[in-house]
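What follows is a set of notes on a single structure, which appears directly below.
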2 protein chains.
Amino acid sequence: MKTKKLFLLCAAVCIGMVGRAQNQFEPAWSNLPGCEYPQITSDGQVRVQLKAPDAKKVQVCGGEGFSKEPVDLIKDEEGNWTATLSNVTPGFHYYWFMVDGIQVNDPFSAAYFGYSHPVSGLYAATPNEDFLECKDVPHGMVREHWYFSQVTGKWRRAYVYTPAGYDANTSERYPILYLLHGAGENERGWSLQGRMNFILDNLIAEKKAQPMVVVMDNGYAVARNEKGNPGFTSKTAQKRAEILMDVYKQDIIPTMESFYRIKSGRENRAIAGLSMGGFQTLFMGLNNIDMFSYIGAFSAALVGGVMDNPRTAFNNAFANPDEFNQKIKVFWFGAGSGEKAFHDMALDSKKKLEDIGIKTIFYESPNTYHEWHTWSRCLYEFAPLLFK
Amino acid sequence: MKTKKLFLLCAAVCIGMVGRAQNQFEPAWSNLPGCEYPQITSDGQVRVQLKAPDAKKVQVCGGEGFSKEPVDLIKDEEGNWTATLSNVTPGFHYYWFMVDGIQVNDPFSAAYFGYSHPVSGLYAATPNEDFLECKDVPHGMVREHWYFSQVTGKWRRAYVYTPAGYDANTSERYPILYLLHGAGENERGWSLQGRMNFILDNLIAEKKAQPMVVVMDNGYAVARNEKGNPGFTSKTAQKRAEILMDVYKQDIIPTMESFYRIKSGRENRAIAGLSMGGFQTLFMGLNNIDMFSYIGAFSAALVGGVMDNPRTAFNNAFANPDEFNQKIKVFWFGAGSGEKAFHDMALDSKKKLEDIGIKTIFYESPNTYHEWHTWSRCLYEFAPLLFK
């Protein structure tokens, strides 16, 4: 009897511990060194704090999976404002405070380039997902590669991932993936916010993906002879993608494929991108099916009616479905379950393409929005399909 | 007569144009894409602007060469607050707004990791100095190098500069410089704020410096068995430098010198750092004169009375001046003319060391403070002396 009671007591304590552990607030691992806030739980809660003794109103805002509406913070006697958010979706979120009408970044988190400006970012818990963690596996590197662009007449900076072993295996050549960011972000996004290097390190270590070089360049370009700004809208998307395609064909691809030890041929070349970069990927990939064998559109911004008529879309890329299916080994769409517009654009395109005999793959990222965790997962699903 | 009048008119116009050109406000090149502010002139003026219609008081603050005191901004009818600063010293400055008592970063500039948090940064004009510009010369790369530290029990990230030609010349080996950042900054500081890659690209292209590999690691480390925080103060400086030295000797140096193609031997190894990193450089370099041949202390924080008695300082490193002078080929101090405490610490150390027969070099950066342009210039002066 005593034993049974003790067992029940232990069981109760253990269940209690599990319960507490799930709701235990811990500093997010993405916090700056020594910072106690933001705090996260494993079940999707986030607690933020900001010291602002003289402020009258403080709110916190962020990406859709962080909070759909601004959330009010409550002030304590020491002038610290605090709020606890629930149902925050997994992975990376941009977020920021509004203090009496002024946007203020969180001094406790790193700032990432998003929405065209430095914005605070944090990683919410990713239960049962460790694919973007820095694990005890061989690590590749991300390099800052400066090169001169003939098209723009300016120096540009690419970030280039070389897989583990690249430096030691000096006679080995690798396939190459061009990986594009979204509007308002830059060439740093994929490795910082998206943790693409850890995703590929892990996939390659588990032999789920081929070792590959990945080039992440800037998605904005203004040609030498152009005036005006490179902004991406429904109206400008096509023109901007044309200029960017010039940069890829004349500058980026020749520079990268001569500098790095890259396997030749279209079967060793892939392109993928997110949102604006998804549009650019489709534009560049489908206008050049002799150059690429793999195309991945992550939450692609299918703007300007580009897929209204798939038979004529992208300069008749789909005119000969058999040839297309034979050339493009993987034609891949992905989107988050929560980002209705992008999700539906992708599904609608897939259906239209299927109707004319084009093979595609569609992936839905569960419980994510138009945010980086959707795209990190897309890369994790897409990369294993390449160069097989 | 008419001709003479026309000539005088032209001359006047030209002088006027030159006058205007000097005071012409242009968007700083460090601005984020498309941002019109901050604006700078070639004669050290900076104009900043922030939209804050509901704010009651807005000030701008920054590093000492940016402004010694907070400067009030003036609001226009559209809610834009503006201020013009004069006598801003050349090169990089951290700066930030205070909006009704809250620190706010400038949405128009990139955020850099300084003061332990993301802070806005801009480059003021550098008249007659182009050593840190991205020129039409062969460029090296900066790589993110992740490795596991046995001392800390954690993964760490170093930034590693490999010079132009490193990837192509696969049989060539290079000397190595360990380059340390200051307190409140991190391993990104030297390549972002300090533009060390462009400085070395330019020096190497002009054959003023030897091609070298440069390792920039994080200056903070907590050993596996330690509790507490890694903060740098007068009292903790020595203890923290000891732990960091363990990381260098057990992790960083073996990792980097086996991964990269590095020439063996102490004559091919240099160490330099700024402020906190200057102290760490002296501590690690002088405790290991059998490992390093070149030591550079940029605005070094000579805290804790470490140089009170040079005969016994740094575990009797200077006990045998002849041996020291023979082993340490360059023992270099640098500081900005405006940073009195650091400048005087360096000069005082130099004098004390000279008194006991230790050879040193002292460089004064004109018209700069305890800010990055001092250290960019220090690197520009120090690097040509290495590995000769």
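Residue names in the structure tokens use chain letters A, B, ... in the order shown, residue numbers from 1 in each chain, and ligand numbers from 1 in the order shown.
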What are the closest atom pairs, with distances in Å to one decimal, for all residues of chain B lying within 6 Å of chain A? Consider only C-alpha atoms, order rows by chain and residue number, and present the result as CSV.
```
residue,atom,partner,partner_atom,distance
B:Val104,CA,A:Val104,CA,5.5
B:Pro107,CA,A:His117,CA,5.7
B:His117,CA,A:Pro107,CA,5.7
B:Met141,CA,A:Glu144,CA,5.6
B:Val142,CA,A:Glu144,CA,5.4
B:Arg143,CA,A:Arg143,CA,4.2
B:Glu144,CA,A:Val142,CA,5.4
B:His145,CA,A:Met141,CA,5.8
```
| query | Taking the backbone alone, and naming residues the way the document does, which bits of region 128-362 of chain B are helix (DSSP H, G or I) by DSSP, as number ranges by chain? | reply | B: 189-192, 196-205, 237-259, 266-268, 276-286, 313-316, 321-327, 340-355
| Could you name the residues that touch Met216 (chain B) at 12 Å or less, counting only C-alpha atoms, but leaving out those on the same chain fewer than 4 positions away, as a PyMOL selection string? | chain B and resi 142-146+156-162+176-182+185-192+194+196-197+248+252-253+256+271-274+277
For the residues in the current selection, export N, CA and C atoms as a short mmCIF file (atom, residue, chain, number, x, y, z; two decimals), in the first residue's frame.
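Saved as out.cif:
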```cif
data_model
loop_
_atom_site.label_atom_id
_atom_site.label_comp_id
_atom_site.auth_asym_id
_atom_site.auth_seq_id
_atom_site.Cartn_x
_atom_site.Cartn_y
_atom_site.Cartn_z
N VAL B 142 35.41 36.75 -46.54
CA VAL B 142 35.23 36.52 -45.12
C VAL B 142 34.26 35.35 -44.97
N ARG B 143 34.68 34.35 -44.22
CA ARG B 143 33.89 33.12 -44.08
C ARG B 143 33.39 32.98 -42.64
N GLU B 144 32.20 32.47 -42.49
CA GLU B 144 31.70 32.09 -41.17
C GLU B 144 32.16 30.67 -40.89
N HIS B 145 32.96 30.53 -39.88
CA HIS B 145 33.55 29.22 -39.58
C HIS B 145 33.04 28.75 -38.21
N TRP B 146 32.18 27.75 -38.21
CA TRP B 146 31.67 27.18 -36.95
C TRP B 146 32.56 26.04 -36.50
N ARG B 156 31.13 27.60 -31.47
CA ARG B 156 31.48 29.01 -31.61
C ARG B 156 31.60 29.35 -33.09
N ARG B 157 31.46 30.64 -33.37
CA ARG B 157 31.54 31.10 -34.76
C ARG B 157 32.69 32.08 -34.90
N ALA B 158 33.63 31.75 -35.76
CA ALA B 158 34.70 32.69 -36.09
C ALA B 158 34.42 33.27 -37.47
N TYR B 159 34.89 34.47 -37.73
CA TYR B 159 34.94 34.99 -39.10
C TYR B 159 36.39 34.92 -39.55
N VAL B 160 36.59 34.38 -40.73
CA VAL B 160 37.95 34.15 -41.21
C VAL B 160 38.10 34.80 -42.58
N TYR B 161 39.08 35.68 -42.68
CA TYR B 161 39.41 36.31 -43.96
C TYR B 161 40.47 35.46 -44.66
N THR B 162 40.16 35.05 -45.89
CA THR B 162 41.19 34.43 -46.72
C THR B 162 41.47 35.39 -47.87
N ILE B 176 49.35 34.01 -40.53
CA ILE B 176 48.03 34.19 -39.93
C ILE B 176 48.05 35.28 -38.86
N LEU B 177 47.01 36.10 -38.90
CA LEU B 177 46.82 37.17 -37.91
C LEU B 177 45.53 36.88 -37.15
N TYR B 178 45.62 36.86 -35.83
CA TYR B 178 44.42 36.78 -34.98
C TYR B 178 44.04 38.20 -34.59
N LEU B 179 42.81 38.59 -34.90
CA LEU B 179 42.40 39.99 -34.79
C LEU B 179 41.18 40.08 -33.89
N LEU B 180 41.31 40.80 -32.78
CA LEU B 180 40.30 40.74 -31.71
C LEU B 180 39.48 42.04 -31.64
N HIS B 181 38.21 41.87 -31.31
CA HIS B 181 37.29 43.02 -31.24
C HIS B 181 37.25 43.60 -29.83
N GLY B 182 36.40 44.60 -29.62
CA GLY B 182 36.30 45.29 -28.33
C GLY B 182 35.11 44.84 -27.51
N GLU B 185 31.11 44.20 -28.45
CA GLU B 185 31.02 43.91 -29.89
C GLU B 185 31.22 42.41 -30.07
N ASN B 186 31.33 41.97 -31.30
CA ASN B 186 31.54 40.54 -31.50
C ASN B 186 32.38 40.27 -32.74
N GLU B 187 32.45 39.02 -33.12
CA GLU B 187 33.34 38.57 -34.20
C GLU B 187 33.00 39.18 -35.56
N ARG B 188 31.83 39.83 -35.66
CA ARG B 188 31.45 40.50 -36.91
C ARG B 188 32.06 41.89 -37.02
N GLY B 189 32.49 42.47 -35.91
CA GLY B 189 32.88 43.88 -35.89
C GLY B 189 33.97 44.24 -36.88
N TRP B 190 35.03 43.46 -36.92
CA TRP B 190 36.17 43.82 -37.76
C TRP B 190 35.82 43.86 -39.25
N SER B 191 34.99 42.93 -39.70
CA SER B 191 34.68 42.95 -41.14
C SER B 191 33.54 43.90 -41.47
N LEU B 192 32.58 44.09 -40.58
CA LEU B 192 31.49 45.01 -40.88
C LEU B 192 31.88 46.46 -40.55
N GLY B 194 34.66 47.62 -39.21
CA GLY B 194 36.07 47.95 -39.45
C GLY B 194 36.53 47.77 -40.89
N MET B 196 37.80 45.36 -42.47
CA MET B 196 39.15 44.82 -42.52
C MET B 196 39.44 44.11 -43.84
N ASN B 197 38.39 43.52 -44.43
CA ASN B 197 38.62 42.81 -45.69
C ASN B 197 39.03 43.77 -46.81
N TYR B 248 41.90 29.96 -27.18
CA TYR B 248 42.81 30.14 -28.31
C TYR B 248 43.78 28.95 -28.42
N ILE B 252 40.89 27.48 -30.90
CA ILE B 252 40.93 28.35 -32.07
C ILE B 252 42.18 28.11 -32.90
N ILE B 253 43.35 28.20 -32.27
CA ILE B 253 44.59 28.09 -33.05
C ILE B 253 44.73 26.71 -33.69
N MET B 256 42.04 26.47 -36.61
CA MET B 256 42.26 27.33 -37.78
C MET B 256 43.54 26.94 -38.53
N ILE B 271 49.20 38.66 -33.58
CA ILE B 271 47.96 38.88 -32.85
C ILE B 271 47.79 40.39 -32.62
N ALA B 272 46.55 40.85 -32.79
CA ALA B 272 46.26 42.27 -32.57
C ALA B 272 44.81 42.40 -32.16
N GLY B 273 44.52 43.47 -31.43
CA GLY B 273 43.14 43.68 -31.02
C GLY B 273 42.93 45.08 -30.51
N LEU B 274 41.66 45.43 -30.36
CA LEU B 274 41.31 46.79 -29.99
C LEU B 274 40.62 46.80 -28.62
N GLY B 277 39.98 43.88 -26.62
CA GLY B 277 40.79 42.96 -27.44
C GLY B 277 42.26 43.34 -27.44
#
```
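The protein and nucleic acid residues lying at most 9 Å from Ala221 (chain A) are Val151, Thr152, Asn229, Pro230, Arg240, Ala241, Ile243, Leu244 and Val247 of chain A, with only C-alpha atoms considered and sequence neighbours fewer than 6 positions away removed.
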Writer output for current selection, N, CA, C and O atoms, as a PDB file, in the first residue's frame:
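In the end it all went to result.pdb:
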```pdb
ATOM      1  N   VAL A 151      26.409  44.208 -65.388  1.00  0.00           N
ATOM      2  CA  VAL A 151      25.046  44.672 -65.678  1.00  0.00           C
ATOM      3  C   VAL A 151      24.709  45.921 -64.861  1.00  0.00           C
ATOM      4  O   VAL A 151      24.171  46.894 -65.378  1.00  0.00           O
ATOM      5  N   THR A 152      25.046  45.901 -63.577  1.00  0.00           N
ATOM      6  CA  THR A 152      24.692  47.044 -62.728  1.00  0.00           C
ATOM      7  C   THR A 152      25.802  48.089 -62.676  1.00  0.00           C
ATOM      8  O   THR A 152      25.563  49.226 -62.267  1.00  0.00           O
ATOM      9  N   ASN A 229      13.895  53.116 -59.060  1.00  0.00           N
ATOM     10  CA  ASN A 229      14.178  52.208 -57.950  1.00  0.00           C
ATOM     11  C   ASN A 229      13.813  50.771 -58.296  1.00  0.00           C
ATOM     12  O   ASN A 229      12.997  50.507 -59.181  1.00  0.00           O
ATOM     13  N   PRO A 230      14.443  49.844 -57.592  1.00  0.00           N
ATOM     14  CA  PRO A 230      14.285  48.428 -57.915  1.00  0.00           C
ATOM     15  C   PRO A 230      13.130  47.749 -57.193  1.00  0.00           C
ATOM     16  O   PRO A 230      13.095  46.535 -57.113  1.00  0.00           O
ATOM     17  N   ARG A 240      11.628  43.870 -63.271  1.00  0.00           N
ATOM     18  CA  ARG A 240      12.719  43.666 -62.312  1.00  0.00           C
ATOM     19  C   ARG A 240      13.338  42.277 -62.491  1.00  0.00           C
ATOM     20  O   ARG A 240      14.558  42.101 -62.372  1.00  0.00           O
ATOM     21  N   ALA A 241      12.502  41.283 -62.742  1.00  0.00           N
ATOM     22  CA  ALA A 241      13.027  39.926 -62.918  1.00  0.00           C
ATOM     23  C   ALA A 241      13.877  39.833 -64.186  1.00  0.00           C
ATOM     24  O   ALA A 241      14.852  39.071 -64.233  1.00  0.00           O
ATOM     25  N   ILE A 243      15.785  42.259 -65.405  1.00  0.00           N
ATOM     26  CA  ILE A 243      17.105  42.827 -65.073  1.00  0.00           C
ATOM     27  C   ILE A 243      17.894  41.827 -64.228  1.00  0.00           C
ATOM     28  O   ILE A 243      19.086  41.576 -64.469  1.00  0.00           O
ATOM     29  N   LEU A 244      17.219  41.255 -63.228  1.00  0.00           N
ATOM     30  CA  LEU A 244      17.915  40.298 -62.365  1.00  0.00           C
ATOM     31  C   LEU A 244      18.416  39.102 -63.175  1.00  0.00           C
ATOM     32  O   LEU A 244      19.514  38.581 -62.936  1.00  0.00           O
ATOM     33  N   VAL A 247      21.606  39.909 -64.647  1.00  0.00           N
ATOM     34  CA  VAL A 247      22.690  39.828 -63.659  1.00  0.00           C
ATOM     35  C   VAL A 247      23.087  38.369 -63.447  1.00  0.00           C
ATOM     36  O   VAL A 247      24.275  38.038 -63.399  1.00  0.00           O
TER      37      VAL A 247
END
```
| said: Can you pull out the residues contacting region 39-47 of chain B? Cut-off 10 Å, using only C-alpha atoms, and skip same-chain residues under 2 positions away; I want them as a ChimeraX atom specification. | reply: /B:20-31,35-37,49,66,73,82-91,122-128
Residue selection dump (N, CA and C atoms) as a compact mmCIF listing (two decimals), in the first residue's frame:
```txt
# COMPACT_ATOMS: atom_id res chain seq x y z
N ARG B 20 29.99 74.91 -52.56
CA ARG B 20 28.76 74.13 -52.41
C ARG B 20 29.05 72.64 -52.35
N ALA B 21 29.97 72.21 -53.22
CA ALA B 21 30.25 70.78 -53.28
C ALA B 21 30.71 70.26 -51.92
N GLN B 22 31.57 71.04 -51.27
CA GLN B 22 32.06 70.60 -49.96
C GLN B 22 30.93 70.48 -48.94
N ASN B 23 29.98 71.42 -49.04
CA ASN B 23 28.90 71.42 -48.06
C ASN B 23 27.64 70.74 -48.59
N GLN B 24 27.79 70.10 -49.72
CA GLN B 24 26.66 69.43 -50.34
C GLN B 24 26.29 68.21 -49.51
N PHE B 25 25.04 68.15 -49.11
CA PHE B 25 24.59 66.98 -48.36
C PHE B 25 24.18 65.88 -49.32
N GLU B 26 24.79 64.72 -49.15
CA GLU B 26 24.46 63.54 -49.97
C GLU B 26 24.09 62.40 -49.03
N PRO B 27 23.21 61.51 -49.46
CA PRO B 27 22.95 60.32 -48.62
C PRO B 27 24.26 59.58 -48.34
N ALA B 28 24.48 59.20 -47.11
CA ALA B 28 25.70 58.45 -46.77
C ALA B 28 25.70 57.13 -47.54
N TRP B 29 26.88 56.69 -47.96
CA TRP B 29 26.93 55.44 -48.73
C TRP B 29 26.54 54.26 -47.86
N SER B 30 26.60 54.43 -46.55
CA SER B 30 26.24 53.33 -45.66
C SER B 30 24.73 53.22 -45.44
N ASN B 31 23.96 54.16 -46.00
CA ASN B 31 22.50 54.08 -45.84
C ASN B 31 21.94 52.79 -46.42
N CYS B 35 17.37 54.89 -49.05
CA CYS B 35 17.14 55.83 -47.94
C CYS B 35 17.90 57.14 -48.17
N GLU B 36 17.19 58.26 -48.07
CA GLU B 36 17.77 59.58 -48.33
C GLU B 36 18.56 60.12 -47.14
N TYR B 37 18.24 59.64 -45.96
CA TYR B 37 18.94 60.05 -44.74
C TYR B 37 19.60 58.84 -44.10
N GLN B 49 17.46 62.40 -39.82
CA GLN B 49 16.03 62.69 -39.81
C GLN B 49 15.27 61.47 -39.30
N PHE B 66 31.14 61.43 -33.18
CA PHE B 66 29.87 61.77 -33.81
C PHE B 66 29.28 62.98 -33.11
N LEU B 73 16.79 67.39 -32.07
CA LEU B 73 16.24 67.48 -33.41
C LEU B 73 15.05 68.43 -33.38
N THR B 82 14.63 66.73 -37.50
CA THR B 82 15.90 66.82 -38.22
C THR B 82 16.94 67.52 -37.35
N ALA B 83 18.18 67.09 -37.49
CA ALA B 83 19.30 67.81 -36.86
C ALA B 83 20.51 67.72 -37.78
N THR B 84 21.33 68.76 -37.76
CA THR B 84 22.58 68.76 -38.51
C THR B 84 23.73 68.86 -37.53
N LEU B 85 24.65 67.90 -37.61
CA LEU B 85 25.82 67.89 -36.74
C LEU B 85 27.03 68.36 -37.53
N SER B 86 27.92 69.06 -36.85
CA SER B 86 29.17 69.52 -37.49
C SER B 86 30.35 68.84 -36.81
N ASN B 87 31.48 68.93 -37.46
CA ASN B 87 32.74 68.40 -36.89
C ASN B 87 32.65 66.93 -36.53
N VAL B 88 31.87 66.19 -37.31
CA VAL B 88 31.86 64.74 -37.13
C VAL B 88 33.18 64.20 -37.68
N THR B 89 33.84 63.35 -36.93
CA THR B 89 35.15 62.85 -37.36
C THR B 89 34.95 61.77 -38.45
N PRO B 90 36.01 61.46 -39.20
CA PRO B 90 35.84 60.55 -40.34
C PRO B 90 35.47 59.12 -39.94
N GLY B 91 34.83 58.44 -40.89
CA GLY B 91 34.64 57.00 -40.76
C GLY B 91 33.42 56.60 -39.96
N LEU B 122 26.78 54.63 -39.16
CA LEU B 122 26.98 55.31 -40.46
C LEU B 122 28.45 55.61 -40.62
N TYR B 123 28.84 55.77 -41.88
CA TYR B 123 30.20 56.19 -42.20
C TYR B 123 30.16 57.66 -42.60
N ALA B 124 30.79 58.51 -41.80
CA ALA B 124 30.99 59.90 -42.21
C ALA B 124 32.07 59.92 -43.28
N ALA B 125 32.17 61.05 -43.97
CA ALA B 125 33.15 61.18 -45.05
C ALA B 125 34.57 60.95 -44.52
N THR B 126 35.41 60.39 -45.38
CA THR B 126 36.82 60.18 -45.04
C THR B 126 37.66 60.89 -46.10
N PRO B 127 37.75 62.23 -46.03
CA PRO B 127 38.45 62.97 -47.09
C PRO B 127 39.90 62.53 -47.17
N ASN B 128 40.38 62.36 -48.39
CA ASN B 128 41.78 61.97 -48.63
C ASN B 128 42.14 60.60 -48.07
```
| said: Measuring between only C-alpha atoms, which one of A:Thr255, A:Gln238, A:Gln150, A:Gln193 shows the shortest distance to Thr281 (chain A)? | reply: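 Among the listed residues, the smallest separation from Thr281 (chain A) belongs to A:Gln238.
The smallest atom-to-atom distance between Phe342 (chain A) and any of A:Gly278, A:Pro175, A:Pro366, A:Gly165, using only C-alpha atoms, is found for A:Gly278.
We find CA of Asn367 (chain B) and CA of Phe298 (chain B) to be spaced 15.4 Å apart.
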| said: Report as a list in words all protein, DNA and RNA residues lying within 6 Å of Gly121 (chain A), evaluated on only C-alpha atoms, omitting residues in the same chain fewer than 2 positions from it. | reply: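 Counting only the stated atoms, we get His93, Tyr94 and Tyr95 of chain A.
Across the structure, CA of Ala317 (chain B) and CA of Gly336 (chain B) are spaced 26.4 Å apart.
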| field | Near-Tyr380 (chain B) list (12 Å; only C-alpha atoms; drop same-chain fewer than 4 positions) as a list in words | value | Glu129, Asp130, Phe131, Leu132, Gly194, Arg195, Met196, Asn197, Phe198, Ile199, Leu200, Asp201, Asn202, Leu203, Ile204, Lys208, Ala209, Gly296, Phe298, Gly334, Tyr363, Ser365, His373, Thr374, Trp375, Ser376, Pro384, Leu385 and Leu386 of chain B
| request: Run DSSP on the backbone of this structure and report the residues of region 220-378 of chain A it assigns to strand (DSSP E or B), as a PyMOL selection string. | output: chain A and resi 262+269-274+294-298+330-336+361-365
Store the residues of this selection in a file with N, CA and C atoms, as a compact mmCIF listing (two decimals), in the first residue's frame.
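Just written: part-v8.txt:
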```
# COMPACT_ATOMS: atom_id res chain seq x y z
N ILE A 262 32.45 23.66 -59.55
CA ILE A 262 31.06 23.32 -59.84
C ILE A 262 31.02 22.32 -60.98
N ARG A 269 22.38 22.11 -61.91
CA ARG A 269 22.04 23.48 -61.57
C ARG A 269 20.57 23.55 -61.16
N ALA A 270 20.35 24.12 -59.96
CA ALA A 270 18.99 24.27 -59.43
C ALA A 270 18.77 25.71 -59.03
N ILE A 271 17.50 26.10 -58.97
CA ILE A 271 17.16 27.45 -58.52
C ILE A 271 15.89 27.36 -57.67
N ALA A 272 15.91 28.13 -56.58
CA ALA A 272 14.74 28.17 -55.70
C ALA A 272 14.71 29.50 -54.99
N GLY A 273 13.52 29.92 -54.59
CA GLY A 273 13.43 31.18 -53.88
C GLY A 273 12.08 31.33 -53.22
N LEU A 274 11.99 32.32 -52.37
CA LEU A 274 10.79 32.52 -51.56
C LEU A 274 10.14 33.85 -51.89
N TYR A 294 16.14 21.89 -61.83
CA TYR A 294 15.33 21.84 -60.61
C TYR A 294 14.84 23.24 -60.30
N ILE A 295 13.55 23.36 -60.04
CA ILE A 295 12.96 24.68 -59.76
C ILE A 295 12.09 24.55 -58.52
N GLY A 296 12.36 25.42 -57.54
CA GLY A 296 11.58 25.40 -56.30
C GLY A 296 10.98 26.77 -56.00
N ALA A 297 9.66 26.84 -55.90
CA ALA A 297 8.97 28.10 -55.63
C ALA A 297 8.36 28.02 -54.24
N PHE A 298 8.96 28.76 -53.30
CA PHE A 298 8.52 28.72 -51.90
C PHE A 298 7.63 29.95 -51.66
N VAL A 330 12.56 18.24 -61.12
CA VAL A 330 11.70 18.55 -59.97
C VAL A 330 11.17 19.97 -60.14
N PHE A 331 9.83 20.07 -60.20
CA PHE A 331 9.18 21.38 -60.29
C PHE A 331 8.30 21.47 -59.05
N TRP A 332 8.73 22.27 -58.10
CA TRP A 332 8.30 22.15 -56.71
C TRP A 332 7.65 23.43 -56.21
N PHE A 333 6.49 23.30 -55.60
CA PHE A 333 5.83 24.43 -54.94
C PHE A 333 5.68 24.13 -53.45
N GLY A 334 5.86 25.13 -52.62
CA GLY A 334 5.64 24.97 -51.19
C GLY A 334 5.01 26.23 -50.63
N ALA A 335 4.26 26.07 -49.54
CA ALA A 335 3.66 27.23 -48.87
C ALA A 335 3.23 26.81 -47.47
N GLY A 336 3.06 27.80 -46.60
CA GLY A 336 2.59 27.52 -45.25
C GLY A 336 1.08 27.37 -45.23
N ILE A 361 5.26 19.13 -57.75
CA ILE A 361 5.15 18.64 -56.37
C ILE A 361 4.66 19.81 -55.54
N PHE A 362 3.76 19.53 -54.60
CA PHE A 362 3.31 20.58 -53.69
C PHE A 362 3.54 20.14 -52.25
N TYR A 363 4.10 21.05 -51.46
CA TYR A 363 4.35 20.78 -50.04
C TYR A 363 3.67 21.85 -49.20
N GLU A 364 2.95 21.41 -48.18
CA GLU A 364 2.32 22.36 -47.26
C GLU A 364 3.03 22.31 -45.91
N SER A 365 3.54 23.44 -45.47
CA SER A 365 4.18 23.52 -44.15
C SER A 365 3.09 23.72 -43.11
```
| request: State, in Å with one decimal place, the distance from CA of Ser337 (chain B) to CA of Ala301 (chain B). | output: 15.5 Å
| Nearest-residue call for Gly305 (chain B), choices B:His370, B:Lys249, B:Lys235, B:His343, using only C-alpha atoms |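 Of B:His370, B:Lys249, B:Lys235, B:His343, the one nearest Gly305 (chain B), counting only C-alpha atoms, is B:Lys235.
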